[in-house]
file my_file_9.txt (compact mmCIF, C-alpha atoms)
# COMPACT_ATOMS: atom_id res chain seq x y z
CA MET A 147 8.86 -33.74 15.98
CA ALA A 148 11.94 -31.96 14.62
CA LYS A 149 12.09 -28.22 14.19
CA TRP A 150 12.01 -27.14 10.55
CA THR A 151 15.04 -25.20 9.38
CA PRO A 152 15.40 -23.59 5.97
CA LYS A 153 17.86 -25.25 3.59
CA HIS A 154 18.81 -22.05 1.77
CA GLU A 155 18.92 -18.28 2.24
CA ALA A 156 15.75 -16.29 1.73
CA PRO A 157 15.76 -14.25 -1.50
CA GLU A 158 16.17 -10.49 -1.42
CA PRO A 159 12.87 -8.56 -1.36
CA LEU A 160 11.70 -7.26 -4.71
CA GLU A 161 11.85 -3.50 -5.17
CA GLY A 162 9.63 -1.83 -7.69
CA PRO A 163 7.50 1.25 -8.19
CA VAL A 164 6.11 1.10 -4.66
CA VAL A 165 4.79 4.68 -4.52
CA ALA A 166 2.96 4.26 -7.83
CA THR A 167 1.50 0.92 -6.74
CA ILE A 168 0.17 2.27 -3.44
CA THR A 169 -1.17 5.41 -5.15
CA GLY A 170 -2.97 3.31 -7.76
CA GLY A 171 -4.51 1.07 -5.11
CA THR A 172 -5.65 4.09 -3.11
CA ILE A 173 -7.31 5.60 -6.17
CA VAL A 174 -9.10 2.29 -6.83
CA TRP A 175 -10.47 2.22 -3.26
CA PHE A 176 -11.78 5.81 -3.51
CA VAL A 177 -13.31 5.15 -6.94
CA LEU A 178 -15.07 2.06 -5.58
CA PHE A 179 -16.43 4.14 -2.70
CA LEU A 180 -17.69 6.87 -5.04
CA VAL A 181 -19.28 4.36 -7.43
CA GLN A 182 -21.18 2.69 -4.59
CA LEU A 183 -22.23 5.90 -2.85
CA PRO A 184 -25.35 6.53 -5.00
CA PHE A 185 -26.64 3.10 -3.96
CA TYR A 186 -26.35 3.79 -0.22
CA GLY A 187 -30.09 3.21 0.29
CA TRP A 188 -29.95 -0.24 -1.28
CA PHE A 189 -26.87 -1.17 0.75
CA CYS A 190 -28.59 0.05 3.92
CA ASP A 191 -31.80 -1.87 3.17
CA HIS A 192 -29.88 -5.12 2.61
CA GLY A 193 -27.40 -4.74 5.47
CA HIS A 194 -24.38 -4.21 3.23
CA THR A 195 -23.28 -0.70 4.21
CA TRP A 196 -20.00 -2.21 5.37
CA TRP A 197 -19.07 -2.48 1.66
CA LEU A 198 -19.06 1.31 1.39
CA TRP A 199 -17.18 1.82 4.64
CA THR A 200 -14.63 -0.82 3.69
CA CYS A 201 -13.86 1.09 0.48
CA LEU A 202 -13.59 4.39 2.35
CA THR A 203 -11.34 2.81 4.97
CA GLY A 204 -9.16 1.31 2.22
CA GLY A 205 -8.79 4.75 0.67
CA GLY A 206 -7.94 6.34 4.02
CA LEU A 207 -5.37 3.68 4.85
CA GLY A 208 -4.01 4.09 1.34
CA LEU A 209 -3.35 7.77 2.08
CA ILE A 210 -1.35 6.73 5.13
CA GLY A 211 0.43 4.17 2.94
CA ILE A 212 1.34 6.82 0.35
CA TRP A 213 2.82 9.01 3.08
CA TYR A 214 4.75 6.05 4.48
CA VAL A 215 6.23 4.77 1.21
CA ARG A 216 7.21 8.27 0.09
CA LYS A 217 9.12 8.76 3.35
CA ARG A 218 10.69 5.30 2.95
CA ASP A 219 11.69 5.99 -0.65
CA ALA A 220 13.28 9.31 0.35
CA ALA A 221 15.18 7.61 3.20
CA ILE A 222 16.48 4.90 0.86
CA LYS A 223 17.66 7.54 -1.63
CA ARG A 224 19.33 9.56 1.16
CA ALA A 225 21.12 6.45 2.42
CA ALA A 226 22.30 5.58 -1.09
CA ALA A 227 23.55 9.13 -1.64
CA GLY A 228 25.35 9.09 1.71
CA GLU A 229 26.95 5.74 0.90
CA ALA A 230 28.04 7.00 -2.53
CA THR A 231 29.51 10.16 -0.98
CA ARG A 232 31.36 8.12 1.64
CA THR A 233 32.87 5.80 -0.99
CA GLY A 234 33.58 8.64 -3.44
CA GLN A 235 31.31 7.34 -6.20
CA PRO A 236 29.12 9.75 -8.18
CA THR A 237 25.40 9.57 -7.40
CA SER A 238 22.97 8.45 -10.08
CA ALA A 239 20.25 10.87 -11.22
CA GLU A 240 17.16 8.75 -10.54
call {"tool": "encode", "arguments": {"input": "my_file_9.txt", "output": "structure tokens"}}
result
Amino acid sequence: MAKWTPKHEAPEPLEGPVVATITGGTIVWFVLFLVQLPFYGWFCDHGHTWWLWTCLTGGGLGLIGIWYVRKRDAAIKRAAAGEATRTGQPTSAE
């Protein structure tokens, strides 16, 4: 069996509003947790409490994700500003 090799270069990763996307997802996880919280007794009776804890865990991991992508975004902007300074080009006000 021959080893598979790609026939073309992989495309560049898409960049978008990463911080806003992660923040929105985190809010959704916390809202889902809060909506399900009044029904804790029903979830407990039917063995579905993991639904609540999954939502809470998603919100907690989302907070870590927000911290991470904000640091990443700042590092990308610092690198772009350093590159622009090194080449003598003016920096954009984004």
call {"tool": "atom_distance", "arguments": {"input": "my_file_9.txt", "atom1": "atom CA of A:Gly211", "atom2": "atom CA of A:Val164"}}
result
10.0 Å
call {"tool": "closest_residue", "arguments": {"input": "my_file_9.txt", "among": "A:Leu183, A:Ile212, A:Ala225, A:Ala230", "to": "A:Trp199", "atoms": "all atoms listed in the file"}}
result
A:Leu183
call {"tool": "closest_residue", "arguments": {"input": "my_file_9.txt", "among": "A:Phe179, A:Ile173, A:Phe185, A:Glu229", "to": "A:Gly208", "atoms": "all atoms listed in the file"}}
result
A:Ile173
call {"tool": "closest_residue", "arguments": {"input": "my_file_9.txt", "among": "A:Glu158, A:Gly193, A:Leu198, A:Gly205", "to": "A:Val174", "atoms": "only C-alpha atoms"}}
result
A:Gly205
call {"tool": "atom_distance", "arguments": {"input": "my_file_9.txt", "atom1": "atom CA of A:Ala156", "atom2": "atom CA of A:Tyr214"}}
result
25.1 Å
call {"tool": "closest_residue", "arguments": {"input": "my_file_9.txt", "among": "A:Thr172, A:Thr233, A:Gln182, A:Thr195", "to": "A:Leu207", "atoms": "all atoms listed in the file"}}
result
A:Thr172
call {"tool": "atom_distance", "arguments": {"input": "my_file_9.txt", "atom1": "atom CA of A:Val181", "atom2": "atom CA of A:Gly162"}}
result
29.6 Å
call {"tool": "residues_around", "arguments": {"input": "my_file_9.txt", "residues": "A:Val165", "least_positions_apart": "4", "cutoff": "12 Å", "atoms": "all atoms listed in the file", "output": "PyMOL selection string"}}
result
chain A and resi 161+169-172+208-220
call {"tool": "residues_around", "arguments": {"input": "my_file_9.txt", "residues": "A:Leu180", "least_positions_apart": "3", "cutoff": "9 Å", "atoms": "only C-alpha atoms", "output": "PDB file with C-alpha atoms, keeping the file's coordinate frame"}}
result
ATOM      1  CA  TRP A 175     -10.470   2.220  -3.260  1.00  0.00           C
ATOM      2  CA  PHE A 176     -11.780   5.810  -3.510  1.00  0.00           C
ATOM      3  CA  VAL A 177     -13.310   5.150  -6.940  1.00  0.00           C
ATOM      4  CA  LEU A 183     -22.230   5.900  -2.850  1.00  0.00           C
ATOM      5  CA  PRO A 184     -25.350   6.530  -5.000  1.00  0.00           C
ATOM      6  CA  LEU A 198     -19.060   1.310   1.390  1.00  0.00           C
ATOM      7  CA  CYS A 201     -13.860   1.090   0.480  1.00  0.00           C
ATOM      8  CA  LEU A 202     -13.590   4.390   2.350  1.00  0.00           C
TER       9      LEU A 202
END
call {"tool": "axis_aligned_box", "arguments": {"input": "my_file_9.txt", "around": "stretch 197-213 of chain A", "padding_each_side": "6 Å", "output": "lines of an AutoDock Vina configuration file"}}
result
center_x = -8.1
center_y = 3.3
center_z = 2.7
size_x = 33.9
size_y = 23.5
size_z = 16.8
call {"tool": "decode", "arguments": {"input": "my_file_9.txt", "residues": "stretch 147-198 of chain A", "atoms": "C-alpha atoms", "output": "PDB file, in the first residue's frame"}}
result
ATOM      1  CA  MET A 147       0.000   0.000   0.000  1.00  0.00           C
ATOM      2  CA  ALA A 148       1.488   3.348  -1.039  1.00  0.00           C
ATOM      3  CA  LYS A 149       1.739   6.266   1.325  1.00  0.00           C
ATOM      4  CA  TRP A 150      -0.688   9.067   0.490  1.00  0.00           C
ATOM      5  CA  THR A 151       0.913  12.400  -0.316  1.00  0.00           C
ATOM      6  CA  PRO A 152      -0.986  15.630  -0.910  1.00  0.00           C
ATOM      7  CA  LYS A 153      -1.049  16.887  -4.496  1.00  0.00           C
ATOM      8  CA  HIS A 154      -1.241  20.579  -3.580  1.00  0.00           C
ATOM      9  CA  GLU A 155      -0.397  22.982  -0.768  1.00  0.00           C
ATOM     10  CA  ALA A 156      -2.780  23.297   2.145  1.00  0.00           C
ATOM     11  CA  PRO A 157      -4.759  26.567   2.125  1.00  0.00           C
ATOM     12  CA  GLU A 158      -3.956  29.324   4.592  1.00  0.00           C
ATOM     13  CA  PRO A 159      -6.057  29.210   7.783  1.00  0.00           C
ATOM     14  CA  LEU A 160      -9.042  31.528   7.842  1.00  0.00           C
ATOM     15  CA  GLU A 161      -8.809  34.480  10.196  1.00  0.00           C
ATOM     16  CA  GLY A 162     -11.938  36.121  11.462  1.00  0.00           C
ATOM     17  CA  PRO A 163     -13.442  37.643  14.575  1.00  0.00           C
ATOM     18  CA  VAL A 164     -12.031  34.918  16.815  1.00  0.00           C
ATOM     19  CA  VAL A 165     -12.463  36.772  20.125  1.00  0.00           C
ATOM     20  CA  ALA A 166     -16.101  37.574  19.351  1.00  0.00           C
ATOM     21  CA  THR A 167     -16.787  33.989  18.274  1.00  0.00           C
ATOM     22  CA  ILE A 168     -15.322  32.475  21.443  1.00  0.00           C
ATOM     23  CA  THR A 169     -17.088  35.065  23.622  1.00  0.00           C
ATOM     24  CA  GLY A 170     -20.418  34.316  21.947  1.00  0.00           C
ATOM     25  CA  GLY A 171     -19.969  30.575  22.403  1.00  0.00           C
ATOM     26  CA  THR A 172     -19.055  31.045  26.062  1.00  0.00           C
ATOM     27  CA  ILE A 173     -22.172  33.129  26.655  1.00  0.00           C
ATOM     28  CA  VAL A 174     -24.294  30.421  25.004  1.00  0.00           C
ATOM     29  CA  TRP A 175     -22.835  27.738  27.307  1.00  0.00           C
ATOM     30  CA  PHE A 176     -23.518  29.830  30.445  1.00  0.00           C
ATOM     31  CA  VAL A 177     -27.059  30.664  29.273  1.00  0.00           C
ATOM     32  CA  LEU A 178     -27.747  26.968  28.662  1.00  0.00           C
ATOM     33  CA  PHE A 179     -26.502  26.193  32.171  1.00  0.00           C
ATOM     34  CA  LEU A 180     -28.690  28.888  33.730  1.00  0.00           C
ATOM     35  CA  VAL A 181     -31.771  27.811  31.756  1.00  0.00           C
ATOM     36  CA  GLN A 182     -31.377  24.204  32.890  1.00  0.00           C
ATOM     37  CA  LEU A 183     -30.555  24.994  36.522  1.00  0.00           C
ATOM     38  CA  PRO A 184     -34.194  25.319  37.706  1.00  0.00           C
ATOM     39  CA  PHE A 185     -34.809  21.772  36.448  1.00  0.00           C
ATOM     40  CA  TYR A 186     -31.952  20.244  38.458  1.00  0.00           C
ATOM     41  CA  GLY A 187     -34.358  17.934  40.324  1.00  0.00           C
ATOM     42  CA  TRP A 188     -35.737  16.482  37.106  1.00  0.00           C
ATOM     43  CA  PHE A 189     -32.246  15.998  35.683  1.00  0.00           C
ATOM     44  CA  CYS A 190     -31.157  14.304  38.911  1.00  0.00           C
ATOM     45  CA  ASP A 191     -34.196  12.000  38.968  1.00  0.00           C
ATOM     46  CA  HIS A 192     -33.592  10.880  35.374  1.00  0.00           C
ATOM     47  CA  GLY A 193     -29.801  10.586  35.575  1.00  0.00           C
ATOM     48  CA  HIS A 194     -29.115  13.541  33.292  1.00  0.00           C
ATOM     49  CA  THR A 195     -27.237  15.908  35.611  1.00  0.00           C
ATOM     50  CA  TRP A 196     -24.267  15.606  33.277  1.00  0.00           C
ATOM     51  CA  TRP A 197     -26.181  17.931  30.903  1.00  0.00           C
ATOM     52  CA  LEU A 198     -25.910  20.739  33.454  1.00  0.00           C
TER      53      LEU A 198
END
